[in-house]
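Undergrad: Contents of final.tsv (TSV, C-alpha atoms) are below:
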chain	number	residue	atom	x	y	z
H	321	MET	CA	7.22	27.04	-24.69
H	322	ILE	CA	4.39	25.62	-26.78
H	323	GLN	CA	6.11	26.75	-29.96
H	324	SER	CA	9.33	25.06	-28.84
H	325	PHE	CA	7.40	21.83	-28.20
H	326	ILE	CA	5.83	21.99	-31.67
H	327	ASN	CA	9.22	22.52	-33.28
H	328	ASP	CA	10.96	19.75	-31.32
H	329	PHE	CA	8.19	17.13	-31.50
H	330	PRO	CA	8.98	15.91	-35.07
H	331	LYS	CA	12.64	15.54	-34.12
H	332	TRP	CA	11.67	13.56	-31.01
H	333	LEU	CA	9.44	11.25	-33.09
H	334	LYS	CA	12.20	10.62	-35.61
H	335	LYS	CA	14.82	9.98	-32.92
H	336	ASN	CA	12.76	7.71	-30.64
H	337	LEU	CA	10.10	6.04	-32.79
H	338	PHE	CA	11.09	6.21	-36.47
H	339	ASN	CA	14.89	6.09	-36.41
H	340	THR	CA	15.09	2.82	-38.41
H	341	PRO	CA	12.72	1.02	-40.82
H	342	VAL	CA	12.10	-1.81	-38.33
H	343	ASN	CA	11.40	0.58	-35.45
H	344	SER	CA	9.09	2.57	-37.70
H	345	VAL	CA	6.98	-0.51	-38.52
H	346	ILE	CA	6.84	-1.52	-34.84
H	347	SER	CA	5.94	2.01	-33.75
H	348	ILE	CA	3.14	2.29	-36.32
H	349	PHE	CA	1.72	-1.10	-35.24
H	350	ILE	CA	1.80	-0.21	-31.53
H	351	LEU	CA	0.35	3.26	-32.10
H	352	ALA	CA	-2.50	1.73	-34.12
H	353	LEU	CA	-3.26	-0.70	-31.30
H	354	LEU	CA	-3.18	2.11	-28.74
H	355	TRP	CA	-5.51	4.21	-30.88
H	356	LYS	CA	-8.04	1.38	-31.16
H	357	ALA	CA	-7.84	0.72	-27.41
H	358	ILE	CA	-8.27	4.40	-26.53
H	359	GLU	CA	-11.19	4.66	-28.97
H	360	LYS	CA	-12.93	1.65	-27.40
H	361	ILE	CA	-12.41	2.95	-23.87
H	362	PHE	CA	-13.61	6.44	-24.82
H	363	LEU	CA	-16.79	5.08	-26.41
H	364	TRP	CA	-17.47	2.71	-23.49
H	365	LEU	CA	-16.69	5.19	-20.72
H	366	LEU	CA	-18.21	8.41	-22.10
H	367	VAL	CA	-20.10	8.18	-25.39
H	368	ASN	CA	-22.17	5.04	-24.75
H	369	SER	CA	-22.23	5.30	-20.96
H	370	VAL	CA	-25.38	5.53	-18.84
H	371	TRP	CA	-25.51	8.30	-16.23
H	372	THR	CA	-29.06	7.94	-14.93
H	373	GLY	CA	-31.57	5.14	-14.68
H	374	THR	CA	-31.75	1.65	-13.24
H	375	ALA	CA	-30.01	-1.66	-13.76
H	376	ALA	CA	-32.47	-2.43	-16.57
H	377	THR	CA	-31.48	0.82	-18.30
H	378	CYS	CA	-27.80	-0.11	-18.10
H	379	ARG	CA	-28.40	-3.58	-19.53
H	380	GLN	CA	-29.86	-2.01	-22.67
H	381	ALA	CA	-26.73	0.08	-23.24
H	382	ASP	CA	-23.19	-0.79	-24.29
H	383	GLY	CA	-21.33	1.64	-22.06
H	384	PHE	CA	-20.23	2.21	-18.49
H	385	CYS	CA	-23.05	2.01	-15.93
H	386	PHE	CA	-22.62	5.00	-13.62
H	387	PRO	CA	-25.91	4.30	-11.76
H	388	PHE	CA	-24.27	1.17	-10.36
H	389	LEU	CA	-21.51	3.27	-8.82
H	390	PHE	CA	-23.96	5.87	-7.52
H	391	GLU	CA	-25.91	3.05	-5.87
H	392	LYS	CA	-22.99	1.07	-4.45
H	393	VAL	CA	-20.16	3.55	-3.88
H	394	ARG	CA	-21.19	4.15	-0.27
H	395	PHE	CA	-20.93	0.44	0.56
H	396	ILE	CA	-17.73	-0.05	-1.44
H	397	ILE	CA	-15.97	2.78	0.40
H	398	TYR	CA	-17.37	2.32	3.92
H	399	GLY	CA	-18.64	-1.27	4.12
H	400	PHE	CA	-21.11	-1.96	6.93
H	401	TYR	CA	-20.33	1.20	8.88
H	402	PRO	CA	-23.60	2.82	10.13
H	403	ASP	CA	-25.05	5.37	7.72
H	404	GLY	CA	-25.54	8.09	10.31
H	405	GLN	CA	-21.88	7.93	11.36
H	406	LEU	CA	-20.11	8.05	8.00
H	407	TRP	CA	-18.54	11.40	8.86
H	408	ARG	CA	-16.30	9.57	11.33
H	409	PRO	CA	-14.40	7.29	8.90
H	410	THR	CA	-14.35	10.17	6.41
H	411	LEU	CA	-12.68	12.45	8.96
H	412	ALA	CA	-10.35	9.61	10.00
H	413	MET	CA	-9.16	9.20	6.40
H	414	LEU	CA	-8.69	12.96	6.00
H	415	LEU	CA	-6.58	12.99	9.17
H	416	LEU	CA	-4.50	10.15	7.73
H	417	PHE	CA	-3.92	12.00	4.46
H	418	GLY	CA	-3.02	15.15	6.37
H	419	THR	CA	-0.53	13.30	8.60
H	420	LEU	CA	1.05	11.59	5.59
H	421	PHE	CA	1.32	14.93	3.78
H	422	TYR	CA	2.98	16.49	6.81
H	423	SER	CA	5.39	13.54	7.13
H	424	ARG	CA	6.54	13.65	3.52
H	425	ILE	CA	9.54	15.94	4.23
H	426	PRO	CA	12.62	14.12	5.61
H	427	GLU	CA	13.57	17.12	7.77
H	428	ARG	CA	10.44	16.44	9.84
H	429	TRP	CA	11.47	12.86	10.68
H	430	THR	CA	12.18	13.62	14.34
H	431	LYS	CA	10.73	12.64	17.71
H	432	LYS	CA	8.04	15.25	17.17
H	433	LEU	CA	6.79	13.23	14.19
H	434	VAL	CA	6.54	10.12	16.39
H	435	TYR	CA	4.30	12.03	18.79
H	436	THR	CA	2.29	13.34	15.82
H	437	TRP	CA	1.64	9.81	14.59
H	438	PHE	CA	0.77	8.65	18.09
H	439	GLY	CA	-1.81	11.45	18.33
H	440	PHE	CA	-3.16	10.55	14.89
H	441	PHE	CA	-3.64	6.88	15.77
H	442	THR	CA	-5.40	7.87	18.98
H	443	LEU	CA	-7.82	10.10	17.07
H	444	PHE	CA	-8.25	7.53	14.30
H	445	PHE	CA	-9.31	4.72	16.61
H	446	TRP	CA	-11.47	7.05	18.69
H	447	LEU	CA	-13.33	8.16	15.56
H	448	MET	CA	-13.68	4.66	14.16
H	449	ARG	CA	-14.65	2.86	17.36
H	450	GLY	CA	-16.30	5.61	19.38
H	451	GLY	CA	-16.55	6.20	23.10
H	452	LEU	CA	-16.06	9.46	25.02
H	453	GLY	CA	-19.20	10.94	23.54
H	454	LEU	CA	-19.38	8.98	20.29
H	455	PRO	CA	-21.57	5.88	19.76
H	456	ILE	CA	-19.61	2.63	19.86
H	457	VAL	CA	-19.10	0.96	16.45
H	458	THR	CA	-17.51	-2.47	16.82
H	459	ASN	CA	-14.79	-3.29	14.35
H	460	ASP	CA	-16.81	-6.06	12.70
H	461	LYS	CA	-18.61	-3.15	10.99
H	462	TRP	CA	-15.39	-1.50	9.85
H	463	GLY	CA	-14.60	-2.06	6.21
H	464	GLY	CA	-13.84	-0.66	2.81
H	465	LEU	CA	-11.22	1.99	2.21
H	466	PRO	CA	-10.70	3.07	5.88
H	467	LEU	CA	-9.90	-0.53	6.86
H	468	THR	CA	-7.54	-0.99	3.92
H	469	LEU	CA	-5.70	2.25	4.71
H	470	MET	CA	-5.48	1.38	8.40
H	471	LEU	CA	-4.06	-2.11	7.81
H	472	ALA	CA	-1.59	-0.84	5.21
H	473	THR	CA	-0.42	2.24	7.13
H	474	ILE	CA	0.09	0.47	10.45
H	475	GLY	CA	1.66	-2.49	8.66
H	476	ILE	CA	4.23	-0.30	6.90
H	477	ILE	CA	5.04	1.87	9.92
H	478	PHE	CA	5.63	-1.01	12.34
H	479	SER	CA	7.12	-3.59	9.99
H	480	TYR	CA	9.92	-1.28	8.85
H	481	PRO	CA	11.74	-0.85	12.19
H	482	LEU	CA	11.13	-4.52	12.97
H	483	GLY	CA	12.68	-5.39	9.60
H	484	ILE	CA	15.75	-3.27	10.43
H	485	VAL	CA	16.18	-5.11	13.73
H	486	LEU	CA	15.84	-8.50	12.01
H	487	ALA	CA	18.35	-7.50	9.32
H	488	LEU	CA	20.88	-6.40	11.94
H	489	LEU	CA	20.36	-9.60	13.91
H	490	ARG	CA	20.90	-11.67	10.78
H	491	ARG	CA	24.25	-9.95	10.26
H	492	SER	CA	25.18	-10.22	13.94
H	493	ASN	CA	28.22	-12.11	15.19
H	494	LEU	CA	26.13	-13.64	17.98
H	495	LYS	CA	25.28	-17.07	16.59
H	496	ILE	CA	22.10	-17.64	18.58
H	497	LEU	CA	20.57	-14.28	17.58
H	498	LYS	CA	21.63	-14.76	13.98
H	499	THR	CA	20.15	-18.27	13.90
H	500	LEU	CA	16.84	-17.13	15.39
H	501	SER	CA	16.64	-14.28	12.89
H	502	VAL	CA	17.38	-16.57	9.95
H	503	LEU	CA	14.80	-19.12	11.11
H	504	TYR	CA	12.14	-16.44	11.52
H	505	ILE	CA	12.80	-14.73	8.18
H	506	GLU	CA	12.99	-17.94	6.15
H	507	LEU	CA	9.95	-19.44	7.86
H	508	ILE	CA	7.78	-16.39	7.22
H	509	ARG	CA	9.02	-15.93	3.65
H	510	GLY	CA	8.41	-19.61	2.98
H	511	VAL	CA	4.63	-19.43	3.50
H	512	PRO	CA	1.93	-17.26	1.90
H	513	LEU	CA	0.30	-14.40	3.79
H	514	ILE	CA	-3.07	-16.12	3.68
H	515	SER	CA	-1.70	-18.99	5.77
H	516	VAL	CA	-0.31	-16.56	8.36
H	517	LEU	CA	-3.69	-14.82	8.58
H	518	PHE	CA	-5.42	-18.18	8.93
H	519	MET	CA	-3.06	-19.19	11.73
H	520	SER	CA	-3.62	-15.88	13.54
H	521	SER	CA	-7.38	-16.26	13.28
H	522	VAL	CA	-7.94	-19.97	13.87
H	523	MET	CA	-4.86	-21.55	15.42
H	524	PHE	CA	-3.51	-18.77	17.64
H	525	PRO	CA	-6.59	-18.61	19.94
H	526	LEU	CA	-6.19	-22.32	20.67
H	527	PHE	CA	-2.89	-21.63	22.47
H	528	LEU	CA	-4.33	-18.90	24.69
H	529	PRO	CA	-5.57	-19.56	28.24
H	530	GLU	CA	-9.27	-20.13	28.62
H	531	GLY	CA	-11.22	-16.87	28.65
H	532	VAL	CA	-8.38	-14.91	27.00
H	533	ASN	CA	-8.95	-13.71	23.46
H	534	PHE	CA	-7.61	-11.07	21.13
H	535	ASP	CA	-9.73	-9.08	18.73
H	536	LYS	CA	-9.61	-10.55	15.20
H	537	LEU	CA	-8.68	-7.19	13.69
H	538	LEU	CA	-5.73	-6.92	16.07
H	539	ARG	CA	-4.67	-10.46	15.19
H	540	ALA	CA	-4.85	-9.65	11.47
H	541	GLN	CA	-2.81	-6.48	11.94
H	542	ILE	CA	-0.11	-8.28	13.93
H	543	ALA	CA	0.01	-11.06	11.33
H	544	ILE	CA	0.52	-8.52	8.54
H	545	ILE	CA	3.26	-6.72	10.47
H	546	LEU	CA	5.12	-9.96	11.24
H	547	PHE	CA	4.79	-11.15	7.65
H	548	VAL	CA	5.93	-7.94	5.95
H	549	SER	CA	8.79	-7.40	8.43
H	550	ALA	CA	10.48	-10.57	7.13
H	551	TYR	CA	10.51	-9.15	3.60
H	552	MET	CA	11.60	-5.74	4.84
H	553	ALA	CA	14.45	-7.43	6.68
H	554	GLU	CA	15.83	-8.91	3.47
H	555	VAL	CA	15.49	-5.58	1.69
H	556	ILE	CA	17.39	-3.81	4.47
H	557	ARG	CA	19.99	-6.60	4.61
H	558	GLY	CA	20.72	-5.99	0.94
H	559	GLY	CA	21.37	-2.34	1.72
H	560	LEU	CA	23.59	-3.19	4.69
H	561	ALA	CA	25.61	-5.60	2.56
H	562	SER	CA	26.26	-2.86	-0.02
H	563	ILE	CA	27.97	-0.56	2.51
H	564	ASP	CA	31.73	-0.60	2.12
H	565	LYS	CA	33.68	-2.16	5.00
H	566	GLY	CA	35.71	1.00	5.20
H	567	GLN	CA	32.68	2.69	6.77
H	568	TYR	CA	32.76	0.21	9.66
H	569	GLU	CA	36.51	0.59	10.06
H	570	ALA	CA	36.29	4.39	10.07
H	571	ALA	CA	33.59	4.29	12.74
H	572	HIS	CA	35.68	1.89	14.83
H	573	THR	CA	38.69	4.21	14.49
H	574	LEU	CA	36.58	7.09	15.78
H	575	GLY	CA	35.72	5.02	18.84
H	576	LEU	CA	32.02	4.67	18.07
H	577	SER	CA	30.12	1.80	19.64
H	578	TYR	CA	28.30	-0.78	17.55
H	579	PHE	CA	24.96	0.88	18.32
H	580	ASP	CA	26.20	4.35	17.36
H	581	THR	CA	27.88	3.02	14.23
H	582	MET	CA	24.64	1.46	13.03
H	583	ARG	CA	22.43	4.36	14.12
H	584	LEU	CA	24.55	7.22	12.79
H	585	ILE	CA	26.47	5.79	9.83
H	586	ILE	CA	25.46	2.40	8.44
H	587	VAL	CA	21.67	2.17	8.70
H	588	PRO	CA	20.94	5.69	7.28
H	589	GLN	CA	23.05	4.90	4.21
H	590	ALA	CA	21.43	1.48	3.78
H	591	ILE	CA	17.93	2.95	4.00
H	592	ARG	CA	18.72	5.48	1.27
H	593	ILE	CA	20.04	2.72	-0.99
H	594	VAL	CA	17.00	0.45	-0.64
H	595	ILE	CA	14.24	3.04	-1.17
H	596	PRO	CA	12.96	1.42	-4.44
H	597	PRO	CA	12.65	-2.17	-3.11
H	598	THR	CA	11.21	-0.86	0.16
H	599	VAL	CA	8.42	0.97	-1.65
H	600	ASN	CA	7.89	-2.07	-3.87
H	601	THR	CA	7.35	-4.19	-0.75
H	602	ALA	CA	5.01	-1.56	0.70
H	603	ILE	CA	2.93	-1.46	-2.50
H	604	GLY	CA	2.67	-5.24	-2.50
H	605	MET	CA	1.52	-5.19	1.12
H	606	PHE	CA	-1.07	-2.49	0.37
H	607	LYS	CA	-2.63	-4.74	-2.27
H	608	ASP	CA	-2.33	-7.90	-0.16
H	609	THR	CA	-4.62	-6.45	2.52
H	610	SER	CA	-7.44	-7.93	0.43
H	611	LEU	CA	-6.51	-11.33	1.87
H	612	VAL	CA	-8.05	-10.41	5.23
H	613	LEU	CA	-11.31	-11.79	3.82
H	614	ILE	CA	-10.07	-15.17	5.10
H	615	ILE	CA	-10.82	-13.95	8.64
H	616	ALA	CA	-14.09	-12.22	7.72
H	617	LEU	CA	-12.75	-8.65	7.46
H	618	PHE	CA	-14.10	-6.64	4.54
H	619	ASP	CA	-11.45	-4.39	3.05
H	620	LEU	CA	-11.95	-2.31	-0.10
H	621	LEU	CA	-11.77	-5.20	-2.56
H	622	ASN	CA	-14.02	-7.44	-0.48
H	623	THR	CA	-16.72	-4.78	-0.02
H	624	THR	CA	-16.66	-4.47	-3.81
H	625	LYS	CA	-17.20	-8.22	-4.20
H	626	THR	CA	-20.03	-8.08	-1.67
H	627	ALA	CA	-21.69	-5.20	-3.54
H	628	LEU	CA	-21.71	-7.33	-6.71
H	629	ARG	CA	-23.86	-9.99	-5.02
H	630	ASP	CA	-26.93	-7.78	-5.11
H	631	PRO	CA	-29.35	-9.62	-7.48
H	632	GLU	CA	-30.55	-6.33	-8.96
H	633	TRP	CA	-27.05	-5.35	-10.06
H	634	LEU	CA	-25.64	-8.68	-11.20
H	635	GLY	CA	-23.39	-8.44	-14.24
H	636	PHE	CA	-21.74	-5.09	-13.53
H	637	SER	CA	-18.46	-6.42	-12.19
H	638	LEU	CA	-16.44	-4.56	-14.84
H	639	GLU	CA	-17.67	-1.19	-13.56
H	640	ALA	CA	-16.94	-2.20	-9.97
H	641	TYR	CA	-13.42	-3.45	-10.64
H	642	VAL	CA	-12.54	-0.47	-12.84
H	643	PHE	CA	-13.56	1.82	-9.99
H	644	VAL	CA	-11.72	-0.04	-7.25
H	645	GLY	CA	-8.74	-0.64	-9.54
H	646	LEU	CA	-8.49	3.10	-10.11
H	647	ILE	CA	-8.41	3.66	-6.33
H	648	TYR	CA	-5.61	1.10	-5.89
H	649	PHE	CA	-3.71	2.62	-8.82
H	650	VAL	CA	-3.90	6.15	-7.39
H	651	PHE	CA	-2.47	5.10	-4.01
H	652	CYS	CA	0.24	2.89	-5.52
H	653	TYR	CA	1.19	5.58	-8.04
H	654	VAL	CA	1.48	8.19	-5.28
H	655	MET	CA	3.76	5.87	-3.28
H	656	SER	CA	5.89	5.24	-6.36
H	657	LYS	CA	6.25	8.94	-7.20
H	658	TYR	CA	7.05	9.75	-3.57
H	659	SER	CA	9.84	7.16	-3.57
H	660	GLN	CA	11.29	8.71	-6.73
H	661	GLY	CA	11.22	12.08	-5.01
H	662	LEU	CA	13.08	10.67	-2.03
H	663	GLU	CA	15.68	9.13	-4.33
H	664	SER	CA	16.28	12.50	-5.96
H	665	GLU	CA	16.45	14.30	-2.61
H	666	PHE	CA	18.96	11.80	-1.21
H	667	GLY	CA	21.00	11.85	-4.41
H	668	MET	CA	20.27	8.21	-5.23
H	669	LYS	CA	18.49	8.81	-8.55
H	670	GLU	CA	20.03	7.02	-11.53
H	671	ARG	CA	21.67	9.35	-13.97
As structure tokens - that is how I would like this structure written.
TA:
Amino acid sequence: MIQSFINDFPKWLKKNLFNTPVNSVISIFILALLWKAIEKIFLWLLVNSVWTGTAATCRQADGFCFPFLFEKVRFIIYGFYPDGQLWRPTLAMLLLFGTLFYSRIPERWTKKLVYTWFGFFTLFFWLMRGGLGLPIVTNDKWGGLPLTLMLATIGIIFSYPLGIVLALLRRSNLKILKTLSVLYIELIRGVPLISVLFMSSVMFPLFLPEGVNFDKLLRAQIAIILFVSAYMAEVIRGGLASIDKGQYEAAHTLGLSYFDTMRLIIVPQAIRIVIPPTVNTAIGMFKDTSLVLIIALFDLLNTTKTALRDPEWLGFSLEAYVFVGLIYFVFCYVMSKYSQGLESEFGMKER
């Protein structure tokens, strides 16, 4: 196998990079730039990096300051969560990863999976908040990666079915339902997420009866779900519009009701078609959870910004953002690769 690669590599270079004089010049220029960039990153990250010492030691060097990460990684990942209870958010995240890994196979998308997720959310909130034998930790101390994962996961899971309902209503023949759906979708898509979060935090409590209040984390989660569902609705509507009318006519000929037609024939096909834009919307939402800072919630990016305010470690923002950027990249890359796997499994991959 290695010998075959060695033999075929020159042919691949000639075919893809050096097939014409112009392409050869462009390829050489780009490869030279990549080499210089890789060399700079290698020297900064490994050769000239500092692995032990203090902030003063790092300021005398030209490389990556690992002592900053060793000092601040606990706060970046967990925020203000009590030190003696860090095993709880750690276990909660492991349970999330395990549930997501179990749910990756389409054959498991049954009612049993719904109960599995219900059990996971119960355990997650019990671990994070406490009670029943665990010390109470109020959600104003939740932060970092567990909060980001919670907001993103719940947002994706609940906004998707709501988006399907909104898309079906927008294509409905009932004028009043169609009008309400259009008004909702266009209104939400016409404003930024930060304004929706601000309304949920500041304006919404003003309309509640005196003495009635919702937790700010719950308000933020609902705002994210309502916001993302409008975008999901348009993604799903695009898939519904691509289904041939003959599918509807065939279902009508078989005597299927509107509900059965959508549930058994139309919606499953539409969902398969719109896998790429759906995942694109989910990735965007995962990154937009950083906007919850507007209502004083500290997600992963905001705990990183807070860690940089320590006077002793001022000036190491590059190390912090490289670290947190790598975390975001890993999660977004995994979602992207998973969507490609689903496309292949459903036979939707481009040939």
Undergrad: Compile the contact shell of Ala561 of chain H as a list in words: residues with an atom at most 9 Å away, counting all atoms listed in the file, same-chain residues fewer than 5 positions apart removed.
TA: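 The filter keeps Arg491, Ile556 and Ala590 of chain H.
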Undergrad: Just write the chosen residues, C-alpha atoms, as an mmCIF file, keeping the file's coordinate frame.
TA:
data_model
loop_
_atom_site.group_PDB
_atom_site.id
_atom_site.type_symbol
_atom_site.label_atom_id
_atom_site.label_comp_id
_atom_site.auth_asym_id
_atom_site.auth_seq_id
_atom_site.Cartn_x
_atom_site.Cartn_y
_atom_site.Cartn_z
ATOM 1 C CA ARG H 491 24.250 -9.950 10.260
ATOM 2 C CA ILE H 556 17.390 -3.810 4.470
ATOM 3 C CA ALA H 590 21.430 1.480 3.780
#
Undergrad: Would you compute the box with edges along x, y and z of the file around segment 625-643 of chain H, including every atom the file lists for it and 6 Å extra on each side, and give its centre and edge lengths in Å to one decimal, as lines of an AutoDock Vina configuration file?
TA:
center_x = -21.5
center_y = -4.1
center_z = -8.3
size_x = 30.0
size_y = 23.8
size_z = 25.2
Undergrad: With only C-alpha atoms as the atoms that count, which of H:Gly451, H:Gly510, H:Gly463, H:Pro426 lies nearest to Ile397 of chain H?
TA: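 Of H:Gly451, H:Gly510, H:Gly463, H:Pro426, the one nearest Ile397 of chain H, counting only C-alpha atoms, is H:Gly463.
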Undergrad: So that I can check the surroundings of segment 594-605 of chain H, please list as an MDAnalysis selection string every protein, DNA and RNA residue that reaches within 10 Å of it, counting only C-alpha atoms and ignoring chain neighbours fewer than 6 positions away.
TA: chainID H and resid 471:473 475:477 479:480 513 544:545 547:549 551:560 562 648 651:653 655:660 662:663 666 668
Undergrad: With C-alpha atoms kept, could you save the residues just selected as a PDB file, keeping the file's coordinate frame?
TA:
ATOM      1  CA  LEU H 471      -4.060  -2.110   7.810  1.00  0.00           C
ATOM      2  CA  ALA H 472      -1.590  -0.840   5.210  1.00  0.00           C
ATOM      3  CA  THR H 473      -0.420   2.240   7.130  1.00  0.00           C
ATOM      4  CA  GLY H 475       1.660  -2.490   8.660  1.00  0.00           C
ATOM      5  CA  ILE H 476       4.230  -0.300   6.900  1.00  0.00           C
ATOM      6  CA  ILE H 477       5.040   1.870   9.920  1.00  0.00           C
ATOM      7  CA  SER H 479       7.120  -3.590   9.990  1.00  0.00           C
ATOM      8  CA  TYR H 480       9.920  -1.280   8.850  1.00  0.00           C
ATOM      9  CA  LEU H 513       0.300 -14.400   3.790  1.00  0.00           C
ATOM     10  CA  ILE H 544       0.520  -8.520   8.540  1.00  0.00           C
ATOM     11  CA  ILE H 545       3.260  -6.720  10.470  1.00  0.00           C
ATOM     12  CA  PHE H 547       4.790 -11.150   7.650  1.00  0.00           C
ATOM     13  CA  VAL H 548       5.930  -7.940   5.950  1.00  0.00           C
ATOM     14  CA  SER H 549       8.790  -7.400   8.430  1.00  0.00           C
ATOM     15  CA  TYR H 551      10.510  -9.150   3.600  1.00  0.00           C
ATOM     16  CA  MET H 552      11.600  -5.740   4.840  1.00  0.00           C
ATOM     17  CA  ALA H 553      14.450  -7.430   6.680  1.00  0.00           C
ATOM     18  CA  GLU H 554      15.830  -8.910   3.470  1.00  0.00           C
ATOM     19  CA  VAL H 555      15.490  -5.580   1.690  1.00  0.00           C
ATOM     20  CA  ILE H 556      17.390  -3.810   4.470  1.00  0.00           C
ATOM     21  CA  ARG H 557      19.990  -6.600   4.610  1.00  0.00           C
ATOM     22  CA  GLY H 558      20.720  -5.990   0.940  1.00  0.00           C
ATOM     23  CA  GLY H 559      21.370  -2.340   1.720  1.00  0.00           C
ATOM     24  CA  LEU H 560      23.590  -3.190   4.690  1.00  0.00           C
ATOM     25  CA  SER H 562      26.260  -2.860  -0.020  1.00  0.00           C
ATOM     26  CA  TYR H 648      -5.610   1.100  -5.890  1.00  0.00           C
ATOM     27  CA  PHE H 651      -2.470   5.100  -4.010  1.00  0.00           C
ATOM     28  CA  CYS H 652       0.240   2.890  -5.520  1.00  0.00           C
ATOM     29  CA  TYR H 653       1.190   5.580  -8.040  1.00  0.00           C
ATOM     30  CA  MET H 655       3.760   5.870  -3.280  1.00  0.00           C
ATOM     31  CA  SER H 656       5.890   5.240  -6.360  1.00  0.00           C
ATOM     32  CA  LYS H 657       6.250   8.940  -7.200  1.00  0.00           C
ATOM     33  CA  TYR H 658       7.050   9.750  -3.570  1.00  0.00           C
ATOM     34  CA  SER H 659       9.840   7.160  -3.570  1.00  0.00           C
ATOM     35  CA  GLN H 660      11.290   8.710  -6.730  1.00  0.00           C
ATOM     36  CA  LEU H 662      13.080  10.670  -2.030  1.00  0.00           C
ATOM     37  CA  GLU H 663      15.680   9.130  -4.330  1.00  0.00           C
ATOM     38  CA  PHE H 666      18.960  11.800  -1.210  1.00  0.00           C
ATOM     39  CA  MET H 668      20.270   8.210  -5.230  1.00  0.00           C
TER      40      MET H 668
END
Undergrad: Can you tell me which residues surround Tyr504 of chain H at a distance of at most 9 Å, considering all atoms listed in the file, apart from same-chain residues fewer than 5 positions away, and format the answer as a list in words?
TA: Leu486, Thr499, Arg509 and Ala550 of chain H
Undergrad: Hey, can you check how far atom CA of Met523 of chain H sits from atom CA of Arg539 of chain H?
TA: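 Atom-to-atom, atom CA of Met523 of chain H to atom CA of Arg539 of chain H, that is 11.1 Å.
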Undergrad: For atom CA of Met470 of chain H and atom CA of Val393 of chain H, determine how far apart the two atoms are, in Å to one decimal place.
TA: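 Separation of atom CA of Met470 of chain H and atom CA of Val393 of chain H: 19.3 Å.
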Undergrad: Give me the residues within 10 Å of Leu443 of chain H as a PDB file with C-alpha atoms, in the frame of the given file, counting all atoms listed in the file and dropping any in the same chain fewer than 6 places off.
TA:
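Dumped to around.pdb:
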ATOM      1  CA  LEU H 411     -12.680  12.450   8.960  1.00  0.00           C
ATOM      2  CA  ALA H 412     -10.350   9.610  10.000  1.00  0.00           C
ATOM      3  CA  LEU H 415      -6.580  12.990   9.170  1.00  0.00           C
ATOM      4  CA  LEU H 416      -4.500  10.150   7.730  1.00  0.00           C
ATOM      5  CA  TRP H 437       1.640   9.810  14.590  1.00  0.00           C
ATOM      6  CA  ARG H 449     -14.650   2.860  17.360  1.00  0.00           C
ATOM      7  CA  GLY H 450     -16.300   5.610  19.380  1.00  0.00           C
TER       8      GLY H 450
END
Undergrad: Please list as a PyMOL selection string every residue within 8 Å of segment 359-367 of chain H, counting all atoms listed in the file and excluding residues in the same chain fewer than 3 positions away.
TA: chain H and resi 355-356+382-384
Undergrad: For Leu467 of chain H, which residue among H:Ser664, H:Asn339, H:Thr573, H:Gln541 is the nearest when counting all atoms listed in the file?
TA: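 Closest residue, counting all atoms listed in the file: H:Gln541.
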Undergrad: Do you have the atom CA of Leu433 of chain H-atom CA of Leu454 of chain H distance handy?
TA: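 Interatomic distance, atom CA of Leu433 of chain H to atom CA of Leu454 of chain H: 27.2 Å.
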Undergrad: Measuring between all atoms listed in the file, which one of H:Asp403, H:Glu639, H:Asp460, H:Glu427 shows the shortest distance to Asp619 of chain H?
TA: H:Asp460
Undergrad: Would you list the residues near (-13.8, -4.6, 9.8), meaning any protein, DNA or RNA residue with an atom at most 9 Å from that point in file coordinates, counting all atoms listed in the file, as a list of chain:residue names?
TA: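 Output of the proximity query reads H:Gly399, H:Phe400, H:Tyr401, H:Thr458, H:Asn459, H:Asp460, H:Lys461, H:Trp462, H:Gly463, H:Gly464, H:Leu467, H:Leu537, H:Ala616, H:Leu617, H:Phe618, H:Asp619.
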Undergrad: Counting all atoms listed in the file, which residue out of H:Cys385, H:Ser520, H:Ser515, H:Trp371 sits closest to Phe534 of chain H?
TA: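 Using all atoms listed in the file, the shortest distance to Phe534 of chain H belongs to H:Ser520.
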